[in-house]
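In what follows, a structure is listed as structure tokens, so that the remarks can point back to it.
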Amino acid sequence: MALQIFGVPGLPEIVPGSDLATMILDAAHTAGTPLADGDVVVVTSKIVSKAEGRLVELADVEPSPFAREWSSRWDKDPAVTELVLRESKRVVRQLGPVMITETHHGFVCANSGIDQSSSGAHGRVVLLPVDPDASARTIRAGLVAAGVDAAVIVSDTFGRAWREGQTDIAIGVAGITPILSYIGQVDPHGHEFKVQAICTADELAGAAELVKGNVSRVPVAVIRGFVYQTDDDATIAPVLRDQSRDLFR
């Protein structure tokens, strides 16, 4: 199998109400790499959030007494702390100024995925999409309506337990099964796989980051040549480990 991975340059600043599918199609065509059936389009969650209006001005946030007290202890912005708490259903771990939360989606991450970088203005933050799967489906539907049957992954940058550095992972999918299971298959030596299941959605999101980057202003990448199982009912849910099976929560 040979893969092509290329960014989609030339997208303008995304604002609430932007039609991402149309903008991606136009930018890809202008760049000389028009989208094709079978492509996997990986879209950075930040532009999805911007298009969906998931922007908050910190000046408009009234922090709770807890947010003020905790923030003063660790020299944090109390408005940001307040938003982190609002966007979470619980705090998983807290070590000094670092707050690991579980979002309402079920993602375990730093600061509920709230980001102040590339927000479009000083004093503005970007929240994660309310429903990243629905966001991915909307983009995919726009691509399909234009005649391109491509899968869509909404990605975000997460840290990883036990390892330094971050990588992009999938937080929403449309048209693609997120996990490839080998369970029940047999290796060349007759060993039956009992637990092996590859999160291809995360691998594709991480690969796409190689041609996007945080400062390149290329928030969309296309992966071509990857053979995937099409699933119009796919969601990110199978990727999220239930707390009852999580040894570290």
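Identifiers for the structure tokens are assigned positionally: chains receive A, B, ... in sequence, residues are indexed from 1 per chain, and ligands are indexed from 1 in the order shown.
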
### Task
Determine which residues of region 37-98 of chain A receive a DSSP assignment of strand (DSSP E or B), computed from the backbone, and state them as number ranges by chain.
A: 40-44, 55-57, 88-95, 98

### Task
Write out as a ChimeraX atom specification the residues lying within 12 Å of Gly225 (chain A), counting only C-alpha atoms and excluding same-chain residues fewer than 2 positions away.
/A:1-6,36-41,150,204,222-223,227-228

### Message
I'd like the interatomic distance between CA of Ile100 (chain A) and CA of Ala174 (chain A), to a tenth of an Å.
### Response
27.3 Å

### Message
Can you tell me which residues surround Glu87 (chain A) at a distance of at most 9 Å, considering only C-alpha atoms, apart from same-chain residues fewer than 5 positions away, and format the answer as a list in words?
### Response
Glu82, Thr101, Glu102, Thr103, His104, Asn111, Ser112, Gly113, Ile114, Leu127 and Leu128 of chain A

### Task
Counting only C-alpha atoms, figure out which residue out of A:Gly175, A:Lys50, A:Thr230, A:Ser118 gets nearest to Ile139 (chain A).
A:Gly175

### Message
Give me, as a count of residues only, all polymer residues having an atom no more than 9 Å from Pro132 (chain A), counting only C-alpha atoms and skipping those fewer than 3 positions away in the same chain.
### Response
15

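Going from CA of Gln94 (chain A) to CA of Arg54 (chain A) covers 25.5 Å.
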
### Task
Can you list, as a ChimeraX atom specification, all residues belonging to region 141-214 of chain A that DSSP tags as alpha helix (DSSP H)?
/A:141-145,200-212

Keeping only N, CA and C atoms, write those residues as a CSV table (one decimal), in the first residue's frame.
```csv
chain,number,residue,atom,x,y,z
A,141,ALA,N,-21.2,15.4,4.2
A,141,ALA,CA,-22.4,15.6,3.4
A,141,ALA,C,-22.2,16.7,2.4
A,142,GLY,N,-21.5,17.7,2.7
A,142,GLY,CA,-21.2,18.8,1.8
A,142,GLY,C,-20.3,18.3,0.6
A,143,LEU,N,-19.3,17.4,1.0
A,143,LEU,CA,-18.4,16.9,0.0
A,143,LEU,C,-19.2,15.9,-1.0
A,144,VAL,N,-20.0,15.1,-0.4
A,144,VAL,CA,-20.8,14.1,-1.2
A,144,VAL,C,-21.8,14.9,-2.1
A,145,ALA,N,-22.4,16.0,-1.6
A,145,ALA,CA,-23.3,16.7,-2.4
A,145,ALA,C,-22.6,17.4,-3.6
A,200,THR,N,-7.3,3.2,13.6
A,200,THR,CA,-6.8,3.8,12.4
A,200,THR,C,-7.2,5.2,12.3
A,201,ALA,N,-8.3,5.6,12.9
A,201,ALA,CA,-8.7,7.0,12.8
A,201,ALA,C,-7.6,7.9,13.5
A,202,ASP,N,-7.1,7.4,14.6
A,202,ASP,CA,-6.0,8.2,15.3
A,202,ASP,C,-4.7,8.2,14.5
A,203,GLU,N,-4.4,7.0,13.9
A,203,GLU,CA,-3.2,7.0,13.1
A,203,GLU,C,-3.3,7.9,11.9
A,204,LEU,N,-4.5,8.0,11.3
A,204,LEU,CA,-4.6,8.9,10.1
A,204,LEU,C,-4.6,10.3,10.6
A,205,ALA,N,-5.2,10.6,11.7
A,205,ALA,CA,-5.1,12.0,12.2
A,205,ALA,C,-3.7,12.4,12.5
A,206,GLY,N,-2.9,11.5,13.1
A,206,GLY,CA,-1.5,11.8,13.4
A,206,GLY,C,-0.7,12.0,12.2
A,207,ALA,N,-0.9,11.1,11.2
A,207,ALA,CA,-0.2,11.2,9.9
A,207,ALA,C,-0.5,12.6,9.2
A,208,ALA,N,-1.8,13.0,9.3
A,208,ALA,CA,-2.2,14.2,8.6
A,208,ALA,C,-1.5,15.4,9.3
A,209,GLU,N,-1.2,15.4,10.6
A,209,GLU,CA,-0.5,16.5,11.3
A,209,GLU,C,0.9,16.7,10.7
A,210,LEU,N,1.5,15.7,10.1
A,210,LEU,CA,2.8,15.9,9.5
A,210,LEU,C,2.8,16.9,8.4
A,211,VAL,N,1.7,17.2,7.7
A,211,VAL,CA,1.7,18.1,6.7
A,211,VAL,C,0.8,19.4,7.0
A,212,LYS,N,0.3,19.4,8.2
A,212,LYS,CA,-0.4,20.6,8.7
A,212,LYS,C,0.4,21.4,9.6
```

#### Entry: Top pick for closest residue to Val148 (chain A), considering A:Ala161, A:Ala134, A:Val91, A:Leu25 and counting only C-alpha atoms
A:Leu25

With a cut-off of 12 Å, could you pull out the residues of region 125-199 of chain A touching region 214-219 of chain A and give me the nearest pair of atoms for each, distance in Å to one decimal, using only C-alpha atoms, ordered by chain and ascending number, as a Markdown table?
```
| residue | atom | partner | partner_atom | distance |
| --- | --- | --- | --- | --- |
| A:Val154 | CA | A:Pro219 | CA | 10.5 |
| A:Ser155 | CA | A:Pro219 | CA | 9.7 |
| A:Asp156 | CA | A:Pro219 | CA | 10.6 |
| A:Thr157 | CA | A:Asn214 | CA | 9.6 |
| A:Gln166 | CA | A:Asn214 | CA | 11.7 |
| A:Thr167 | CA | A:Asn214 | CA | 11.3 |
| A:Asp168 | CA | A:Asn214 | CA | 10.8 |
```

Residue selection dump (C-alpha atoms) as a tab-separated table (two decimals), in the first residue's frame:
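result.tsv was written with the following content:
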```
chain	number	residue	atom	x	y	z
A	154	VAL	CA	-12.06	15.91	12.85
A	155	SER	CA	-8.74	15.99	14.71
A	156	ASP	CA	-7.30	17.69	17.76
A	157	THR	CA	-3.91	17.72	19.49
A	166	GLN	CA	1.66	15.58	21.70
A	167	THR	CA	0.05	14.09	18.64
A	168	ASP	CA	-3.16	14.65	16.73
```

### Message
Could you tell me how far CA of Gly147 (chain A) sits from CA of Gly32 (chain A), in Å to one decimal place?
### Response
17.3 Å

### Task
Can you work out which one of A:Pro78, A:Cys109, A:Asp232, A:Pro238 has the shortest atom-to-atom distance to Arg93 (chain A), counting only C-alpha atoms?
A:Cys109
